[in-house]
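A.B. asks: Here it is, the structure in full.
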Amino acid sequence: MKAVQFSEYGGLEVLKVAEIDEPHAGPGQVRIAVRTAGVNPADWKRRDGYFRDFMPLEFPFTFGFEASGVVDEVGEGVSGVSVGDAVFGLGTGTMAEYAVLTSWARKPETMPFEVAGGLPVVVETATRCLDQLGTKAGETLLVSGAAGGVGSTAIQLARHRGMTVIGTASERKHDYLRGLGAIPTTYGPGLAERVEALAPQGIDAALDIVGSGILPELIGIVGDPSRVLSIADFSAPDHGAQFSTKPQDDPEQALAEAARLYSEGTLRLRVERRFPLTQVGEAQALSAEGHVTGKLVIDVA
Ligand SMILES: NC(=O)c1ccc[n+]([C@@H]2O[C@H](COP(=O)([O-])OP(=O)(O)OC[C@H]3O[C@@H](n4cnc5c(N)ncnc54)[C@H](OP(=O)(O)O)[C@@H]3O)[C@@H](O)[C@H]2O)c1
């Protein structure tokens, strides 16, 4: 089967579409014929060697942590899913014609495959962040980096939990944030003053999604470092804030909830651009520029 891989750290030149053996579903897994795989900043960061010191890769490494597709093998001990079911979920090596998923949910009929392929990572991450921050109905949340995949999803899930959300993005994306249910503001100097004007009741918790070095400012705004969480700034614990990187133990619950919320019309995902499997490099280059709205995805089939 075709798979997009790399065998040494480097720029886009190390990326290749390889012909490799198909994977098979082990116990507790399913294999899917992949329709769409999501693109994440972690793809180009891994390729660049960003994580090489604490998360070295075994080469060749196949890109992709999430996908939608149709189940064609069901592993031992798996129940509730059959060959032919359309699902979306988390796994490894999903930028390939076949991939093994370790957690999944049934894809609602109304959810296009390209949306389903881009949802698992952002749903798992946003749910984990909101849980870890101990967010509650009635609270006000500040999201730094609100227009990307994780931010867009965190806004909608926080709104569903009954929270008020202020999100930062460049001005041209403010209507997009409003459409997701957030009160938009720009990032950059003067954030604390802008946020105070928008939320005179105060900010209860903040989510640093971009890792743009603003943890001290976010802690100043919230007033309690334990209610500030970053998913991109490794220095968070040095400031007394939380850092979250490890996927939750039971992502299936979050995926099933996302399917339910999508069916109800409460959760949406904007797919900014779709690329064919041969253009994973172009997708990674666009992701690395850092201004994606929603998600980029790869159409495998
Ligand atoms: N630790 C974990 O478990 C985990 C999980 C998933 C992702 N991550 C990390 O989280 C980060 C975000 O992921 P993502 O998928 O949401 O990324 P993304 O979709 O690529 O985010 C792009 C968004 O970031 C915004 N942005 C860029 N610079 C900004 C700034 N200084 N302030 C506020 N917003 C800014 C952009 O808005 P503008 O165009 O308006 O600038 C753009 O809409 C990445 O670093 C990723 O590696 C970590």
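Simple scheme: letters A, B, ... for chains in structure tokens order, numbers from 1 for residues in each chain, numbers from 1 for ligands in the order shown.
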Counting only C-alpha atoms and all ligand atoms, name the residues that have an atom within 8 Å of an atom of ligand 1; the answer should be given as a PDB file with N, CA and C atoms, in the first residue's frame.
C.D. replies:
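Everything below was put into selection34.pdb:
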ATOM      1  N   ASN A  40      -1.589  17.709  11.341  1.00  0.00           N
ATOM      2  CA  ASN A  40      -1.387  18.388  12.617  1.00  0.00           C
ATOM      3  C   ASN A  40      -0.003  19.022  12.663  1.00  0.00           C
ATOM      4  N   PRO A  41       0.152  20.123  13.434  1.00  0.00           N
ATOM      5  CA  PRO A  41       1.487  20.717  13.560  1.00  0.00           C
ATOM      6  C   PRO A  41       2.525  19.687  14.028  1.00  0.00           C
ATOM      7  N   ALA A  42       2.071  18.669  14.782  1.00  0.00           N
ATOM      8  CA  ALA A  42       3.015  17.641  15.255  1.00  0.00           C
ATOM      9  C   ALA A  42       3.669  16.893  14.087  1.00  0.00           C
ATOM     10  N   LYS A  45       6.565  19.130  13.000  1.00  0.00           N
ATOM     11  CA  LYS A  45       7.492  19.235  14.144  1.00  0.00           C
ATOM     12  C   LYS A  45       8.276  17.935  14.311  1.00  0.00           C
ATOM     13  N   VAL A 121      -7.887  14.302  16.796  1.00  0.00           N
ATOM     14  CA  VAL A 121      -6.825  14.916  17.621  1.00  0.00           C
ATOM     15  C   VAL A 121      -7.344  16.171  18.320  1.00  0.00           C
ATOM     16  N   VAL A 122      -8.065  17.023  17.587  1.00  0.00           N
ATOM     17  CA  VAL A 122      -8.500  18.274  18.221  1.00  0.00           C
ATOM     18  C   VAL A 122      -9.585  18.017  19.270  1.00  0.00           C
ATOM     19  N   THR A 125      -7.742  16.517  22.330  1.00  0.00           N
ATOM     20  CA  THR A 125      -6.919  17.524  23.010  1.00  0.00           C
ATOM     21  C   THR A 125      -7.790  18.555  23.725  1.00  0.00           C
ATOM     22  N   SER A 144      -5.995  31.344  24.005  1.00  0.00           N
ATOM     23  CA  SER A 144      -4.983  31.995  23.175  1.00  0.00           C
ATOM     24  C   SER A 144      -4.650  31.087  21.998  1.00  0.00           C
ATOM     25  N   GLY A 145      -4.995  31.536  20.801  1.00  0.00           N
ATOM     26  CA  GLY A 145      -4.803  30.693  19.612  1.00  0.00           C
ATOM     27  C   GLY A 145      -6.101  29.994  19.274  1.00  0.00           C
ATOM     28  N   ALA A 146      -7.190  30.796  19.223  1.00  0.00           N
ATOM     29  CA  ALA A 146      -8.542  30.222  19.167  1.00  0.00           C
ATOM     30  C   ALA A 146      -8.979  29.788  17.776  1.00  0.00           C
ATOM     31  N   ALA A 147      -8.297  30.234  16.714  1.00  0.00           N
ATOM     32  CA  ALA A 147      -8.819  29.978  15.356  1.00  0.00           C
ATOM     33  C   ALA A 147      -8.265  28.712  14.713  1.00  0.00           C
ATOM     34  N   GLY A 148      -7.280  28.073  15.346  1.00  0.00           N
ATOM     35  CA  GLY A 148      -6.739  26.834  14.776  1.00  0.00           C
ATOM     36  C   GLY A 148      -7.623  25.646  15.113  1.00  0.00           C
ATOM     37  N   GLY A 149      -7.116  24.446  14.852  1.00  0.00           N
ATOM     38  CA  GLY A 149      -7.921  23.247  15.055  1.00  0.00           C
ATOM     39  C   GLY A 149      -8.308  23.046  16.508  1.00  0.00           C
ATOM     40  N   VAL A 150      -7.321  23.080  17.408  1.00  0.00           N
ATOM     41  CA  VAL A 150      -7.619  22.831  18.825  1.00  0.00           C
ATOM     42  C   VAL A 150      -8.462  23.972  19.388  1.00  0.00           C
ATOM     43  N   GLY A 151      -8.101  25.223  19.043  1.00  0.00           N
ATOM     44  CA  GLY A 151      -8.824  26.381  19.577  1.00  0.00           C
ATOM     45  C   GLY A 151     -10.282  26.391  19.149  1.00  0.00           C
ATOM     46  N   SER A 152     -10.521  26.141  17.856  1.00  0.00           N
ATOM     47  CA  SER A 152     -11.912  26.152  17.351  1.00  0.00           C
ATOM     48  C   SER A 152     -12.755  25.117  18.085  1.00  0.00           C
ATOM     49  N   THR A 168      -8.467  34.563  21.171  1.00  0.00           N
ATOM     50  CA  THR A 168      -7.603  35.474  20.417  1.00  0.00           C
ATOM     51  C   THR A 168      -7.319  34.938  19.017  1.00  0.00           C
ATOM     52  N   ALA A 169      -7.345  35.867  18.067  1.00  0.00           N
ATOM     53  CA  ALA A 169      -6.972  35.574  16.676  1.00  0.00           C
ATOM     54  C   ALA A 169      -6.752  36.914  15.991  1.00  0.00           C
ATOM     55  N   SER A 170      -6.158  36.880  14.801  1.00  0.00           N
ATOM     56  CA  SER A 170      -6.004  38.123  14.050  1.00  0.00           C
ATOM     57  C   SER A 170      -7.398  38.611  13.639  1.00  0.00           C
ATOM     58  N   GLU A 171      -7.490  39.922  13.396  1.00  0.00           N
ATOM     59  CA  GLU A 171      -8.812  40.547  13.245  1.00  0.00           C
ATOM     60  C   GLU A 171      -9.666  39.925  12.135  1.00  0.00           C
ATOM     61  N   ARG A 172      -9.012  39.516  11.036  1.00  0.00           N
ATOM     62  CA  ARG A 172      -9.797  38.975   9.903  1.00  0.00           C
ATOM     63  C   ARG A 172     -10.505  37.678  10.280  1.00  0.00           C
ATOM     64  N   LYS A 173     -10.156  37.083  11.419  1.00  0.00           N
ATOM     65  CA  LYS A 173     -10.808  35.830  11.826  1.00  0.00           C
ATOM     66  C   LYS A 173     -11.851  36.037  12.931  1.00  0.00           C
ATOM     67  N   THR A 186      -7.878  40.525  19.589  1.00  0.00           N
ATOM     68  CA  THR A 186      -6.598  40.280  18.923  1.00  0.00           C
ATOM     69  C   THR A 186      -5.551  39.853  19.957  1.00  0.00           C
ATOM     70  N   TYR A 187      -4.504  39.183  19.487  1.00  0.00           N
ATOM     71  CA  TYR A 187      -3.382  38.893  20.383  1.00  0.00           C
ATOM     72  C   TYR A 187      -2.368  40.012  20.276  1.00  0.00           C
ATOM     73  N   GLY A 188      -1.318  39.968  21.123  1.00  0.00           N
ATOM     74  CA  GLY A 188      -0.293  41.015  21.086  1.00  0.00           C
ATOM     75  C   GLY A 188      -0.433  41.964  22.259  1.00  0.00           C
ATOM     76  N   ILE A 209      -2.812  27.742  23.656  1.00  0.00           N
ATOM     77  CA  ILE A 209      -2.746  26.721  22.614  1.00  0.00           C
ATOM     78  C   ILE A 209      -1.552  26.936  21.693  1.00  0.00           C
ATOM     79  N   VAL A 210      -1.187  28.192  21.496  1.00  0.00           N
ATOM     80  CA  VAL A 210      -0.138  28.482  20.509  1.00  0.00           C
ATOM     81  C   VAL A 210       1.272  28.375  21.089  1.00  0.00           C
ATOM     82  N   GLY A 211       1.412  28.628  22.395  1.00  0.00           N
ATOM     83  CA  GLY A 211       2.759  28.607  22.977  1.00  0.00           C
ATOM     84  C   GLY A 211       3.580  29.791  22.505  1.00  0.00           C
ATOM     85  N   SER A 212       2.930  30.976  22.492  1.00  0.00           N
ATOM     86  CA  SER A 212       3.617  32.166  21.975  1.00  0.00           C
ATOM     87  C   SER A 212       4.344  32.947  23.064  1.00  0.00           C
ATOM     88  N   SER A 230      -1.049  25.000  29.227  1.00  0.00           N
ATOM     89  CA  SER A 230      -0.492  25.113  27.873  1.00  0.00           C
ATOM     90  C   SER A 230      -0.352  23.729  27.251  1.00  0.00           C
ATOM     91  N   ILE A 231      -0.558  23.674  25.930  1.00  0.00           N
ATOM     92  CA  ILE A 231      -0.262  22.430  25.223  1.00  0.00           C
ATOM     93  C   ILE A 231       0.945  22.610  24.308  1.00  0.00           C
ATOM     94  N   ALA A 232       1.558  23.794  24.337  1.00  0.00           N
ATOM     95  CA  ALA A 232       2.656  24.043  23.392  1.00  0.00           C
ATOM     96  C   ALA A 232       3.875  24.702  24.016  1.00  0.00           C
ATOM     97  N   PHE A 243       1.014  21.797  32.100  1.00  0.00           N
ATOM     98  CA  PHE A 243       1.352  21.455  30.721  1.00  0.00           C
ATOM     99  C   PHE A 243       0.687  20.118  30.433  1.00  0.00           C
ATOM    100  N   SER A 244       0.057  20.006  29.279  1.00  0.00           N
ATOM    101  CA  SER A 244      -0.624  18.749  28.973  1.00  0.00           C
ATOM    102  C   SER A 244      -0.160  18.222  27.632  1.00  0.00           C
ATOM    103  N   THR A 245       0.267  16.967  27.614  1.00  0.00           N
ATOM    104  CA  THR A 245       0.713  16.392  26.344  1.00  0.00           C
ATOM    105  C   THR A 245       0.230  14.962  26.146  1.00  0.00           C
ATOM    106  N   LYS A 246      -0.026  14.259  27.267  1.00  0.00           N
ATOM    107  CA  LYS A 246      -0.341  12.835  27.151  1.00  0.00           C
ATOM    108  C   LYS A 246      -1.826  12.641  26.847  1.00  0.00           C
ATOM    109  N   PRO A 247      -2.151  11.937  25.759  1.00  0.00           N
ATOM    110  CA  PRO A 247      -3.571  11.704  25.481  1.00  0.00           C
ATOM    111  C   PRO A 247      -4.271  11.024  26.659  1.00  0.00           C
ATOM    112  N   SER A 287       0.837  24.243   7.230  1.00  0.00           N
ATOM    113  CA  SER A 287       0.639  24.089   8.680  1.00  0.00           C
ATOM    114  C   SER A 287       1.752  24.807   9.452  1.00  0.00           C
ATOM    115  N   ALA A 288       2.975  24.687   8.968  1.00  0.00           N
ATOM    116  CA  ALA A 288       4.134  25.271   9.673  1.00  0.00           C
ATOM    117  C   ALA A 288       4.109  26.800   9.662  1.00  0.00           C
ATOM    118  N   GLU A 289       3.353  27.381   8.708  1.00  0.00           N
ATOM    119  CA  GLU A 289       3.250  28.858   8.709  1.00  0.00           C
ATOM    120  C   GLU A 289       2.455  29.338   9.926  1.00  0.00           C
ATOM    121  N   GLY A 290       1.636  28.459  10.512  1.00  0.00           N
ATOM    122  CA  GLY A 290       0.980  28.771  11.788  1.00  0.00           C
ATOM    123  C   GLY A 290      -0.306  29.572  11.698  1.00  0.00           C
ATOM    124  N   HIS A 291      -0.950  29.627  10.521  1.00  0.00           N
ATOM    125  CA  HIS A 291      -2.162  30.444  10.415  1.00  0.00           C
ATOM    126  C   HIS A 291      -3.359  29.701   9.827  1.00  0.00           C
ATOM    127  N   VAL A 292      -3.366  28.396  10.016  1.00  0.00           N
ATOM    128  CA  VAL A 292      -4.500  27.603   9.526  1.00  0.00           C
ATOM    129  C   VAL A 292      -5.759  27.974  10.310  1.00  0.00           C
ATOM    130  N   THR A 293      -6.887  28.050   9.616  1.00  0.00           N
ATOM    131  CA  THR A 293      -8.188  28.230  10.278  1.00  0.00           C
ATOM    132  C   THR A 293      -8.877  26.874  10.263  1.00  0.00           C
ATOM    133  N   GLY A 294      -9.154  26.326  11.433  1.00  0.00           N
ATOM    134  CA  GLY A 294      -9.724  24.975  11.496  1.00  0.00           C
ATOM    135  C   GLY A 294      -8.633  23.958  11.193  1.00  0.00           C
ATOM    136  N   LYS A 295      -8.856  23.104  10.171  1.00  0.00           N
ATOM    137  CA  LYS A 295      -7.873  22.035   9.902  1.00  0.00           C
ATOM    138  C   LYS A 295      -7.540  21.906   8.421  1.00  0.00           C
TER     139      LYS A 295
END
A.B. asks: Give me every helix (DSSP H, G or I) residue in region 67-289 of chain A, going by DSSP on the backbone, as a ChimeraX atom specification.
C.D. replies: /A:113-116,119-132,149-160,171-180,191-198,215-222,225-227,236-239,251-264,277-289
A.B. asks: Dump C-alpha atoms for the selected residues as a short mmCIF file (atom, residue, chain, number, x, y, z; two decimals), in the first residue's frame?
C.D. replies:
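To be explicit, this is the file written out as part.cif:
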data_model
loop_
_atom_site.label_atom_id
_atom_site.label_comp_id
_atom_site.auth_asym_id
_atom_site.auth_seq_id
_atom_site.Cartn_x
_atom_site.Cartn_y
_atom_site.Cartn_z
CA PHE A 113 -15.29 11.87 5.77
CA GLU A 114 -13.04 14.94 5.40
CA VAL A 115 -14.43 16.45 8.60
CA ALA A 116 -14.30 13.14 10.45
CA LEU A 119 -11.62 15.78 14.29
CA PRO A 120 -10.02 13.10 16.52
CA VAL A 121 -6.82 14.92 17.62
CA VAL A 122 -8.50 18.27 18.22
CA VAL A 123 -11.46 16.69 20.02
CA GLU A 124 -9.22 14.57 22.28
CA THR A 125 -6.92 17.52 23.01
CA ALA A 126 -9.62 20.12 23.65
CA THR A 127 -11.62 17.76 25.87
CA ARG A 128 -8.50 16.86 27.88
CA CYS A 129 -7.58 20.55 28.32
CA LEU A 130 -11.04 21.55 29.53
CA ASP A 131 -11.14 18.58 31.93
CA GLN A 132 -7.64 19.21 33.25
CA GLY A 149 -7.92 23.25 15.05
CA VAL A 150 -7.62 22.83 18.83
CA GLY A 151 -8.82 26.38 19.58
CA SER A 152 -11.91 26.15 17.35
CA THR A 153 -12.89 22.89 19.02
CA ALA A 154 -12.13 24.10 22.56
CA ILE A 155 -14.41 27.12 22.03
CA GLN A 156 -17.35 24.96 20.96
CA LEU A 157 -16.88 22.35 23.70
CA ALA A 158 -16.50 25.06 26.36
CA ARG A 159 -19.64 26.81 25.12
CA HIS A 160 -21.45 23.48 25.28
CA GLU A 171 -8.81 40.55 13.24
CA ARG A 172 -9.80 38.98 9.90
CA LYS A 173 -10.81 35.83 11.83
CA HIS A 174 -13.04 37.55 14.39
CA ASP A 175 -16.28 36.76 12.55
CA TYR A 176 -15.17 33.13 12.39
CA LEU A 177 -14.66 33.10 16.20
CA ARG A 178 -18.05 34.76 16.76
CA GLY A 179 -19.63 32.05 14.62
CA LEU A 180 -18.18 29.44 16.99
CA LEU A 191 -4.16 41.79 25.84
CA ALA A 192 -4.89 42.15 29.59
CA GLU A 193 -6.62 45.51 29.05
CA ARG A 194 -8.68 44.25 26.11
CA VAL A 195 -9.72 41.15 28.03
CA GLU A 196 -10.68 43.18 31.11
CA ALA A 197 -12.91 45.39 28.97
CA LEU A 198 -14.59 42.34 27.41
CA LEU A 215 2.13 32.36 29.99
CA PRO A 216 3.16 35.09 32.49
CA GLU A 217 0.56 37.41 30.95
CA LEU A 218 -2.15 34.72 31.06
CA ILE A 219 -1.30 33.94 34.69
CA GLY A 220 -1.56 37.66 35.49
CA ILE A 221 -5.00 37.78 33.83
CA VAL A 222 -6.34 34.66 35.60
CA PRO A 225 -1.34 29.71 37.72
CA SER A 226 -2.97 26.33 38.38
CA ARG A 227 -5.88 27.40 36.17
CA ALA A 236 4.50 25.97 31.83
CA PRO A 237 5.50 24.07 35.03
CA ASP A 238 8.29 26.63 35.68
CA HIS A 239 5.53 29.24 35.97
CA PRO A 251 -10.41 9.05 24.15
CA GLU A 252 -13.35 6.99 22.86
CA GLN A 253 -15.72 8.78 25.18
CA ALA A 254 -14.64 12.16 23.78
CA LEU A 255 -14.93 10.85 20.19
CA ALA A 256 -18.42 9.45 20.80
CA GLU A 257 -19.45 12.75 22.38
CA ALA A 258 -18.06 14.63 19.36
CA ALA A 259 -20.13 12.42 17.03
CA ARG A 260 -23.22 13.15 19.11
CA LEU A 261 -22.56 16.92 19.22
CA TYR A 262 -21.91 16.97 15.48
CA SER A 263 -25.22 15.21 14.79
CA GLU A 264 -27.01 17.77 16.97
CA LEU A 277 -1.71 11.97 -0.56
CA THR A 278 1.01 13.12 -2.95
CA GLN A 279 0.89 16.66 -1.48
CA VAL A 280 1.48 16.00 2.22
CA GLY A 281 4.59 18.22 1.95
CA GLU A 282 2.53 21.21 0.76
CA ALA A 283 0.09 20.62 3.63
CA GLN A 284 2.92 20.48 6.19
CA ALA A 285 4.44 23.68 4.78
CA LEU A 286 1.11 25.50 5.15
CA SER A 287 0.64 24.09 8.68
CA ALA A 288 4.13 25.27 9.67
CA GLU A 289 3.25 28.86 8.71
#
A.B. asks: Could you tell me how far CA of Leu267 (chain A) sits from CA of Asp43 (chain A), in Å to one decimal place?
C.D. replies: 24.6 Å
A.B. asks: Give the strand (DSSP E or B) residues of region 127-178 of chain A, as assigned by DSSP on the backbone, as a list of chain:residue names.
C.D. replies: A:Thr140, A:Leu141, A:Leu142, A:Val143, A:Ser144, A:Thr164, A:Val165, A:Ile166, A:Gly167, A:Thr168
A.B. asks: Distance CA of Val14 (chain A)-CA of Arg35 (chain A), one decimal place?
C.D. replies: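 Between CA of Val14 (chain A) and CA of Arg35 (chain A) the gap is 24.2 Å.
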A.B. asks: Which residues are near Gly11 (chain A)? Cut-off 9 Å, only C-alpha atoms, ignore same chain within fewer than 2 positions. Put them as a ChimeraX atom specification.
C.D. replies: /A:9,13-15,44,47-48
A.B. asks: Of the candidates A:Glu8, A:Glu22, A:Asp250, A:Glu139, which shows the shortest atom-to-atom distance to Ala105 (chain A), using only C-alpha atoms?
C.D. replies: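 For Ala105 (chain A), the nearest of the given residues is A:Asp250.
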A.B. asks: In Å to one decimal, how far is CA of Pro56 (chain A) from CA of Ala241 (chain A)?
C.D. replies: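 Separating CA of Ala241 (chain A) from CA of Pro56 (chain A) is a distance of 26.0 Å.
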A.B. asks: List as a list in words the protein and nucleic acid residues near Met95 (chain A), meaning an atom at most 10 Å away when only C-alpha atoms are counted, but skip any in the same chain fewer than 6 places from it.
C.D. replies: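 Counting only the stated atoms, we get Lys2, Ala3, Val4, Gln5, Val17, Val34, Arg35, Thr36, Ala37, Gly38, Val39, Thr62, Phe63, Gly64, Phe65, Glu66, Ala67, Leu277, Val280, Val297, Ile298, Asp299 and Val300 of chain A.
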A.B. asks: Tell me which protein, DNA and RNA residues are within 6 Å of Val70 (chain A), counting only C-alpha atoms, leaving out same-chain ones fewer than 3 positions away, and put them as number ranges by chain.
C.D. replies: A: 32-33, 84-86
A.B. asks: Keeping only C-alpha atoms, write the selected residues as an mmCIF file, in the first residue's frame.
C.D. replies:
data_model
loop_
_atom_site.group_PDB
_atom_site.id
_atom_site.type_symbol
_atom_site.label_atom_id
_atom_site.label_comp_id
_atom_site.auth_asym_id
_atom_site.auth_seq_id
_atom_site.Cartn_x
_atom_site.Cartn_y
_atom_site.Cartn_z
ATOM 1 C CA ILE A 32 -9.639 0.956 8.220
ATOM 2 C CA ALA A 33 -9.374 1.674 4.543
ATOM 3 C CA GLY A 84 -18.042 -2.010 6.547
ATOM 4 C CA ASP A 85 -18.758 0.515 9.337
ATOM 5 C CA ALA A 86 -17.643 4.115 8.744
#
A.B. asks: Neighbours of Thr164 (chain A) within 10 Å (only C-alpha atoms; same-chain residues fewer than 5 positions away dropped), as an mmCIF file with C-alpha atoms, in the first residue's frame?
C.D. replies:
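Saved to part_13.cif:
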data_model
loop_
_atom_site.group_PDB
_atom_site.id
_atom_site.type_symbol
_atom_site.label_atom_id
_atom_site.label_comp_id
_atom_site.auth_asym_id
_atom_site.auth_seq_id
_atom_site.Cartn_x
_atom_site.Cartn_y
_atom_site.Cartn_z
ATOM 1 C CA ALA A 137 -20.552 26.078 33.687
ATOM 2 C CA GLY A 138 -20.767 29.799 34.346
ATOM 3 C CA GLU A 139 -16.999 30.325 34.184
ATOM 4 C CA THR A 140 -15.149 32.497 31.670
ATOM 5 C CA LEU A 141 -12.315 30.939 29.658
ATOM 6 C CA LEU A 142 -9.612 32.765 27.686
ATOM 7 C CA ILE A 155 -14.412 27.119 22.031
ATOM 8 C CA ALA A 158 -16.498 25.059 26.362
ATOM 9 C CA ARG A 159 -19.638 26.815 25.120
ATOM 10 C CA GLY A 181 -19.634 31.235 20.000
ATOM 11 C CA ALA A 182 -16.565 33.110 21.284
ATOM 12 C CA ILE A 183 -15.995 36.782 21.983
ATOM 13 C CA ALA A 199 -14.898 40.362 30.668
ATOM 14 C CA ILE A 203 -11.244 35.297 33.684
ATOM 15 C CA ASP A 204 -11.447 31.967 35.541
#
